>>> print(open('final.cif').read())   # mmCIF, C-alpha atoms
data_protein
#
loop_
_atom_site.label_atom_id
_atom_site.label_comp_id
_atom_site.auth_asym_id
_atom_site.auth_seq_id
_atom_site.Cartn_x
_atom_site.Cartn_y
_atom_site.Cartn_z
CA MET A 22 87.11 125.36 96.20
CA VAL A 23 86.59 121.64 95.68
CA ALA A 24 89.54 119.25 95.56
CA LYS A 25 89.14 116.33 93.17
CA VAL A 26 90.60 112.95 94.11
CA TYR A 27 90.69 110.29 91.41
CA ILE A 28 90.99 106.65 92.49
CA VAL A 29 92.31 104.70 89.53
CA TYR A 30 92.57 100.93 89.72
CA TYR A 31 92.95 97.62 87.93
CA SER A 32 91.25 94.60 89.48
CA MET A 33 91.00 91.13 87.99
CA TYR A 34 89.06 89.37 90.74
CA GLY A 35 87.50 92.30 92.60
CA HIS A 36 89.75 92.63 95.66
CA VAL A 37 91.36 95.91 94.61
CA GLU A 38 87.98 97.22 93.46
CA LYS A 39 86.59 96.71 96.97
CA LEU A 40 89.48 98.68 98.44
CA ALA A 41 88.91 101.42 95.86
CA GLN A 42 85.27 101.82 96.87
CA GLU A 43 86.21 102.09 100.56
CA ILE A 44 88.95 104.60 99.78
CA LYS A 45 86.35 106.66 97.92
CA LYS A 46 84.14 106.70 101.03
CA GLY A 47 87.07 107.89 103.11
CA ALA A 48 87.97 110.64 100.67
CA GLU A 49 84.38 111.84 100.46
CA SER A 50 84.20 112.09 104.24
CA VAL A 51 86.47 115.13 103.98
CA GLU A 52 84.51 118.34 103.45
CA GLY A 53 85.35 120.06 100.20
CA VAL A 54 86.57 116.90 98.45
CA GLU A 55 85.02 115.06 95.52
CA ALA A 56 86.18 111.53 94.79
CA LYS A 57 85.68 109.46 91.66
CA VAL A 58 86.59 105.84 90.95
CA TRP A 59 88.03 104.87 87.57
CA GLN A 60 89.51 101.68 86.13
CA VAL A 61 92.18 101.20 83.49
CA ALA A 62 91.51 99.25 80.34
CA GLU A 63 91.90 95.49 80.28
CA THR A 64 94.59 94.21 77.93
CA LEU A 65 93.76 90.50 78.01
CA PRO A 66 91.20 89.06 75.54
CA GLU A 67 87.90 87.74 76.87
CA GLU A 68 88.91 84.19 75.97
CA VAL A 69 91.94 84.36 78.26
CA LEU A 70 89.99 86.05 81.05
CA GLY A 71 87.42 83.26 80.83
CA LYS A 72 90.09 80.60 81.26
CA MET A 73 91.32 82.50 84.32
CA TYR A 74 87.79 82.54 85.76
CA ALA A 75 87.87 86.32 86.00
CA PRO A 76 84.44 87.83 86.76
CA PRO A 77 82.96 90.60 84.59
CA LYS A 78 84.33 94.10 85.10
CA THR A 79 82.37 96.68 87.07
CA ASP A 80 80.73 99.68 85.42
CA ALA A 81 83.44 102.06 86.63
CA PRO A 82 84.46 104.27 83.70
CA ILE A 83 87.69 103.58 81.83
CA ILE A 84 90.12 106.43 82.35
CA THR A 85 92.25 108.02 79.65
CA PRO A 86 95.65 109.59 80.30
CA ASP A 87 94.42 113.15 79.74
CA GLU A 88 91.74 112.73 82.40
CA LEU A 89 94.45 112.37 85.02
CA THR A 90 95.18 116.08 84.69
CA GLU A 91 91.69 116.94 86.03
CA ALA A 92 92.51 115.53 89.47
CA ASP A 93 94.10 117.35 92.37
CA GLY A 94 95.25 114.01 93.80
CA LEU A 95 95.58 110.48 92.43
CA LEU A 96 95.45 107.11 94.20
CA PHE A 97 96.49 104.14 92.09
CA GLY A 98 95.47 100.58 92.98
CA PHE A 99 96.42 97.21 91.51
CA PRO A 100 97.17 93.58 92.37
CA THR A 101 100.76 92.41 92.42
CA ARG A 102 102.50 90.39 89.74
CA PHE A 103 105.79 89.06 91.10
CA GLY A 104 106.15 92.02 93.46
CA MET A 105 105.27 94.71 90.91
CA MET A 106 102.21 96.23 89.28
CA PRO A 107 100.49 94.11 86.60
CA ALA A 108 100.98 94.65 82.88
CA GLN A 109 97.52 96.19 82.52
CA PHE A 110 98.35 99.09 84.80
CA LYS A 111 101.86 99.46 83.43
CA ALA A 112 100.40 99.65 79.91
CA PHE A 113 98.20 102.53 81.04
CA LEU A 114 101.11 104.39 82.63
CA ASP A 115 103.20 103.73 79.53
CA SER A 116 100.55 105.65 77.60
CA THR A 117 101.12 108.81 79.66
CA GLY A 118 104.21 109.84 77.72
CA GLY A 119 102.53 113.00 76.49
CA LEU A 120 101.81 114.07 80.07
CA TRP A 121 105.39 113.29 81.04
CA ARG A 122 106.73 115.39 78.17
CA THR A 123 104.84 118.45 79.42
CA GLN A 124 105.10 117.49 83.12
CA ALA A 125 101.34 117.95 83.34
CA LEU A 126 101.15 115.85 86.52
CA ALA A 127 104.10 117.45 88.30
CA GLY A 128 103.32 118.54 91.84
CA LYS A 129 100.19 116.42 92.18
CA PRO A 130 100.02 114.16 95.28
CA ALA A 131 99.68 110.44 94.60
CA GLY A 132 99.59 107.17 96.51
CA PHE A 133 99.07 103.43 96.13
CA PHE A 134 96.94 100.55 97.36
CA TYR A 135 97.24 96.92 96.38
CA SER A 136 96.39 93.25 96.73
CA THR A 137 98.68 90.23 97.01
CA SER A 138 98.03 86.52 97.29
CA ALA A 139 99.89 85.97 100.55
CA GLN A 140 102.28 87.39 103.11
CA GLY A 141 105.64 88.07 101.55
CA SER A 142 104.07 88.34 98.09
CA GLY A 143 104.68 92.05 97.62
CA GLN A 144 102.76 94.10 100.17
CA GLU A 145 105.62 96.61 100.20
CA THR A 146 107.56 95.95 96.99
CA THR A 147 104.48 96.43 94.80
CA ALA A 148 104.22 100.03 95.97
CA LEU A 149 107.98 100.55 96.24
CA THR A 150 108.61 99.55 92.64
CA ALA A 151 105.74 101.76 91.46
CA ILE A 152 107.24 104.93 92.92
CA THR A 153 109.47 105.28 89.85
CA GLN A 154 106.35 106.15 87.84
CA LEU A 155 105.60 109.07 90.14
CA VAL A 156 109.20 110.27 90.14
CA HIS A 157 109.38 110.62 86.37
CA HIS A 158 106.12 112.57 86.35
CA GLY A 159 107.31 114.84 89.17
CA MET A 160 104.46 113.75 91.43
CA ILE A 161 104.51 113.79 95.24
CA PHE A 162 104.31 110.37 96.88
CA VAL A 163 102.00 110.39 99.91
CA PRO A 164 102.36 107.23 102.05
CA ILE A 165 100.08 106.65 105.01
CA GLY A 166 102.99 105.96 107.34
CA TYR A 167 101.65 104.77 110.70
CA THR A 168 98.80 107.28 110.85
CA PHE A 169 96.30 104.41 111.16
CA GLY A 170 97.52 103.97 114.72
CA ALA A 171 97.05 100.68 116.58
CA GLY A 172 95.59 99.03 113.49
CA MET A 173 99.04 99.08 111.90
CA PHE A 174 100.36 96.87 114.70
CA GLU A 175 97.54 94.30 114.71
CA MET A 176 99.02 90.82 115.23
CA ASP A 177 95.95 88.72 116.06
CA GLN A 178 94.67 88.46 112.51
CA VAL A 179 96.01 88.37 108.98
CA LYS A 180 96.13 91.93 107.70
CA GLY A 181 97.26 93.46 104.44
CA GLY A 182 98.58 96.98 104.05
CA SER A 183 101.77 98.74 105.07
CA PRO A 184 103.11 102.27 105.59
CA TYR A 185 103.07 102.53 101.79
CA GLY A 186 99.28 102.19 101.55
CA ALA A 187 96.20 100.05 102.11
CA GLY A 188 96.32 96.42 101.06
CA THR A 189 94.60 93.08 101.25
CA TYR A 190 95.40 89.40 100.89
CA ALA A 191 93.47 87.49 98.25
CA GLY A 192 94.75 84.00 99.05
CA ASP A 193 93.42 81.62 96.41
CA GLY A 194 90.94 84.30 95.41
CA SER A 195 88.21 83.30 97.84
CA ARG A 196 89.39 85.55 100.67
CA GLN A 197 87.85 89.02 100.63
CA PRO A 198 89.14 92.20 102.32
CA SER A 199 88.61 92.04 106.07
CA GLU A 200 86.92 94.73 108.14
CA LEU A 201 90.33 95.88 109.35
CA GLU A 202 91.69 96.09 105.80
CA LEU A 203 88.63 98.04 104.69
CA ALA A 204 89.05 100.37 107.66
CA LEU A 205 92.64 101.00 106.59
CA ALA A 206 91.44 101.73 103.05
CA PHE A 207 88.88 104.22 104.40
CA HIS A 208 91.61 105.83 106.47
CA GLN A 209 93.91 106.14 103.47
CA GLY A 210 91.17 107.84 101.47
CA LYS A 211 90.44 110.29 104.27
CA TYR A 212 94.09 110.99 105.06
CA PHE A 213 95.07 111.44 101.42
CA ALA A 214 92.08 113.65 100.65
CA GLY A 215 93.02 115.95 103.51
CA ILE A 216 96.49 116.39 102.08
CA ALA A 217 95.21 116.92 98.53
CA LYS A 218 92.82 119.57 99.85
CA LYS A 219 95.61 121.37 101.72
CA LEU A 220 97.86 121.38 98.68
CA LYS A 221 95.11 122.71 96.43
CA GLY A 222 94.30 125.44 98.97
CA SER A 223 97.92 126.58 99.10
CA ALA A 224 98.38 126.63 95.33
#
>>> encode(input="final.cif", output="structure tokens")
Amino acid sequence: MVAKVYIVYYSMYGHVEKLAQEIKKGAESVEGVEAKVWQVAETLPEEVLGKMYAPPKTDAPIITPDELTEADGLLFGFPTRFGMMPAQFKAFLDSTGGLWRTQALAGKPAGFFYSTSAQGSGQETTALTAITQLVHHGMIFVPIGYTFGAGMFEMDQVKGGSPYGAGTYAGDGSRQPSELELALAFHQGKYFAGIAKKLKGSA
């Protein structure tokens, strides 16, 4: 019995996409788990994206609301906008009204990962404010807590992430996820996949 983990993200400059790929590796390291990376649709026109110097999107498939029901576990990733998820991801979740009406996602485990520009820019609030989306769908929030061990207490280098999920700092956009941040993302994928597998096996 294979457990399917869908990693669904929005990334404007590629930081969240890098975390998503590492989370996928972590999830796939768990026997009996299949992981797939998806992105949500862009809502900004190309002209605006060009003025923002946003690079081209990856070839990850664009997910539709109904495809969420195929997964046994869902990890959602996005950059922060003033301490909350960006409009692009909120627009996607706003389109899941049909799933909410039937509670098609109820009981599914879900978690978050994210990117912020700096310390104090939403490493915890971005996930915290997103939990309301899970609550209305009846989903089960799965944080990573402090299961990453000593890496959660690293003080000698700048490190994104929190008990809520993996994270990175983008700075002015030039900073890329560090090895420690990528390791945390891998851990989240592995940890979450193990839980999704257990829940599917007990269903």
>>> atom_distance(input="final.cif", atom1="CA of Thr79 in chain A", atom2="CA of Val37 in chain A")
11.8 Å
>>> residues_around(input="final.cif", residues="Phe103 in chain A", least_positions_apart="5", cutoff="9 Å", atoms="all atoms listed in the file", output="PyMOL selection string")
chain A and resi 142-143+147
>>> resolve_selection(input="final.cif", expression="the PyMOL selection byres ((chain A and resi 191) around 10)", output="PDB file with C-alpha atoms, in the coordinates of the input")
ATOM      1  CA  TYR A  34      89.060  89.370  90.740  1.00  0.00           C
ATOM      2  CA  GLY A  35      87.500  92.300  92.600  1.00  0.00           C
ATOM      3  CA  HIS A  36      89.750  92.630  95.660  1.00  0.00           C
ATOM      4  CA  VAL A  37      91.360  95.910  94.610  1.00  0.00           C
ATOM      5  CA  PRO A 100      97.170  93.580  92.370  1.00  0.00           C
ATOM      6  CA  SER A 136      96.390  93.250  96.730  1.00  0.00           C
ATOM      7  CA  THR A 137      98.680  90.230  97.010  1.00  0.00           C
ATOM      8  CA  SER A 138      98.030  86.520  97.290  1.00  0.00           C
ATOM      9  CA  ALA A 139      99.890  85.970 100.550  1.00  0.00           C
ATOM     10  CA  GLY A 181      97.260  93.460 104.440  1.00  0.00           C
ATOM     11  CA  GLY A 188      96.320  96.420 101.060  1.00  0.00           C
ATOM     12  CA  THR A 189      94.600  93.080 101.250  1.00  0.00           C
ATOM     13  CA  TYR A 190      95.400  89.400 100.890  1.00  0.00           C
ATOM     14  CA  GLY A 192      94.750  84.000  99.050  1.00  0.00           C
ATOM     15  CA  ASP A 193      93.420  81.620  96.410  1.00  0.00           C
ATOM     16  CA  GLY A 194      90.940  84.300  95.410  1.00  0.00           C
ATOM     17  CA  SER A 195      88.210  83.300  97.840  1.00  0.00           C
ATOM     18  CA  ARG A 196      89.390  85.550 100.670  1.00  0.00           C
ATOM     19  CA  GLN A 197      87.850  89.020 100.630  1.00  0.00           C
ATOM     20  CA  PRO A 198      89.140  92.200 102.320  1.00  0.00           C
TER      21      PRO A 198
END
>>> resolve_selection(input="final.cif", expression="the PyMOL selection byres ((chain A and resi 163) around 7)", output="MDAnalysis selection string")
chainID A and resid 130:132 161:162 164:165
>>> resolve_selection(input="final.cif", expression="the PyMOL selection byres ((chain A and resi 149) around 12)", output="PyMOL selection string")
chain A and resi 101+104-106+132-135+143-148+150-156+162+164+183-186
>>> atom_distance(input="final.cif", atom1="CA of Asp87 in chain A", atom2="CA of Met160 in chain A")
15.4 Å
>>> decode(input="final.cif", residues="range 55-194 of chain A", atoms="C-alpha atoms", output="compact mmCIF listing (two decimals), in the first residue's frame")
# COMPACT_ATOMS: atom_id res chain seq x y z
CA GLU A 55 5.56 8.30 -3.35
CA ALA A 56 6.10 12.05 -3.46
CA LYS A 57 5.19 14.51 -6.18
CA VAL A 58 5.93 18.22 -6.47
CA TRP A 59 3.27 20.59 -7.80
CA GLN A 60 2.98 24.37 -8.09
CA VAL A 61 -0.07 26.60 -7.95
CA ALA A 62 -0.96 28.90 -10.80
CA GLU A 63 0.57 32.35 -11.06
CA THR A 64 -1.91 35.21 -10.81
CA LEU A 65 0.37 38.07 -11.87
CA PRO A 66 0.72 38.96 -15.58
CA GLU A 67 4.07 38.40 -17.28
CA GLU A 68 4.58 42.14 -17.61
CA VAL A 69 4.44 42.60 -13.85
CA LEU A 70 6.63 39.57 -13.19
CA GLY A 71 9.20 41.00 -15.60
CA LYS A 72 9.31 44.29 -13.70
CA MET A 73 9.85 42.29 -10.51
CA TYR A 74 12.76 40.41 -12.14
CA ALA A 75 11.08 37.09 -11.42
CA PRO A 76 12.75 34.17 -13.22
CA PRO A 77 10.74 31.76 -15.39
CA LYS A 78 8.68 29.13 -13.58
CA THR A 79 9.88 25.54 -13.37
CA ASP A 80 8.20 22.72 -15.27
CA ALA A 81 6.44 21.42 -12.16
CA PRO A 82 2.81 20.72 -13.07
CA ILE A 83 0.08 23.16 -12.04
CA ILE A 84 -2.23 21.53 -9.53
CA THR A 85 -6.01 21.76 -9.56
CA PRO A 86 -8.15 21.61 -6.42
CA ASP A 87 -9.56 18.16 -7.22
CA GLU A 88 -6.06 16.70 -7.48
CA LEU A 89 -5.55 17.40 -3.78
CA THR A 90 -7.94 14.55 -2.98
CA GLU A 91 -5.53 12.01 -4.54
CA ALA A 92 -2.92 12.62 -1.83
CA ASP A 93 -2.64 10.88 1.51
CA GLY A 94 -0.69 13.86 2.87
CA LEU A 95 -0.13 17.45 1.73
CA LEU A 96 2.76 19.83 2.36
CA PHE A 97 2.15 23.43 1.33
CA GLY A 98 5.01 25.86 0.71
CA PHE A 99 5.08 29.59 -0.02
CA PRO A 100 6.99 32.81 0.62
CA THR A 101 5.63 35.29 3.12
CA ARG A 102 3.79 38.50 2.35
CA PHE A 103 3.58 40.62 5.49
CA GLY A 104 3.60 37.54 7.72
CA MET A 105 1.04 35.54 5.73
CA MET A 106 0.86 33.42 2.60
CA PRO A 107 0.94 35.30 -0.73
CA ALA A 108 -2.15 36.07 -2.77
CA GLN A 109 -1.26 33.41 -5.35
CA PHE A 110 -1.51 30.60 -2.83
CA LYS A 111 -4.54 32.09 -1.12
CA ALA A 112 -6.27 32.30 -4.51
CA PHE A 113 -5.67 28.59 -4.99
CA LEU A 114 -7.02 27.72 -1.55
CA ASP A 115 -10.00 30.00 -2.17
CA SER A 116 -10.81 27.79 -5.15
CA THR A 117 -11.19 24.69 -2.94
CA GLY A 118 -14.71 25.60 -1.83
CA GLY A 119 -16.15 22.50 -3.46
CA LEU A 120 -13.78 20.30 -1.46
CA TRP A 121 -14.69 22.17 1.71
CA ARG A 122 -18.39 21.68 1.06
CA THR A 123 -17.96 17.90 0.91
CA GLN A 124 -15.09 17.81 3.44
CA ALA A 125 -13.11 15.82 0.89
CA LEU A 126 -9.80 16.69 2.59
CA ALA A 127 -10.93 16.01 6.15
CA GLY A 128 -8.58 13.76 8.09
CA LYS A 129 -5.64 14.23 5.74
CA PRO A 130 -2.32 15.27 7.38
CA ALA A 131 -0.84 18.56 6.18
CA GLY A 132 2.08 20.84 6.95
CA PHE A 133 3.88 23.99 5.82
CA PHE A 134 7.26 25.27 4.69
CA TYR A 135 8.14 28.83 3.78
CA SER A 136 10.59 31.58 2.90
CA THR A 137 10.97 35.06 4.37
CA SER A 138 13.28 37.95 3.59
CA ALA A 139 14.79 38.28 7.05
CA GLN A 140 14.60 37.31 10.70
CA GLY A 141 11.37 38.53 12.22
CA SER A 142 9.69 38.61 8.79
CA GLY A 143 7.27 35.76 9.42
CA GLN A 144 9.11 32.49 9.98
CA GLU A 145 6.38 31.46 12.43
CA THR A 146 3.42 33.71 11.63
CA THR A 147 3.35 32.65 7.98
CA ALA A 148 2.59 29.09 9.05
CA LEU A 149 0.49 30.09 12.05
CA THR A 150 -1.87 32.22 9.98
CA ALA A 151 -2.18 29.45 7.38
CA ILE A 152 -3.49 26.90 9.88
CA THR A 153 -6.99 28.35 9.51
CA GLN A 154 -7.11 26.88 6.00
CA LEU A 155 -6.49 23.40 7.37
CA VAL A 156 -9.02 23.83 10.17
CA HIS A 157 -11.89 24.64 7.83
CA HIS A 158 -11.06 21.62 5.69
CA GLY A 159 -10.83 19.35 8.74
CA MET A 160 -7.21 18.51 8.01
CA ILE A 161 -4.61 17.45 10.59
CA PHE A 162 -1.74 19.88 11.08
CA VAL A 163 1.60 18.08 11.41
CA PRO A 164 4.38 20.38 12.68
CA ILE A 165 7.95 19.14 12.91
CA GLY A 166 8.31 20.28 16.50
CA TYR A 167 11.93 19.85 17.60
CA THR A 168 12.39 16.46 15.94
CA PHE A 169 15.33 17.84 13.93
CA GLY A 170 17.34 17.73 17.14
CA ALA A 171 20.44 19.89 17.60
CA GLY A 172 19.88 21.58 14.25
CA MET A 173 16.89 23.39 15.73
CA PHE A 174 19.15 25.08 18.27
CA GLU A 175 21.92 26.16 15.87
CA MET A 176 23.13 29.65 16.83
CA ASP A 177 26.37 29.99 14.86
CA GLN A 178 24.72 30.67 11.52
CA VAL A 179 21.60 32.28 10.15
CA LYS A 180 18.95 29.58 9.85
CA GLY A 181 15.36 29.61 8.71
CA GLY A 182 12.70 27.20 9.88
CA SER A 183 10.83 26.69 13.14
CA PRO A 184 8.79 24.02 14.93
CA TYR A 185 6.05 24.83 12.40
CA GLY A 186 8.11 23.65 9.42
CA ALA A 187 11.19 24.10 7.25
CA GLY A 188 12.11 27.59 6.16
CA THR A 189 14.77 29.74 4.58
CA TYR A 190 15.84 33.37 4.44
CA ALA A 191 15.97 34.98 1.01
CA GLY A 192 17.48 38.31 2.02
CA ASP A 193 17.50 40.57 -1.03
CA GLY A 194 16.88 37.50 -3.16
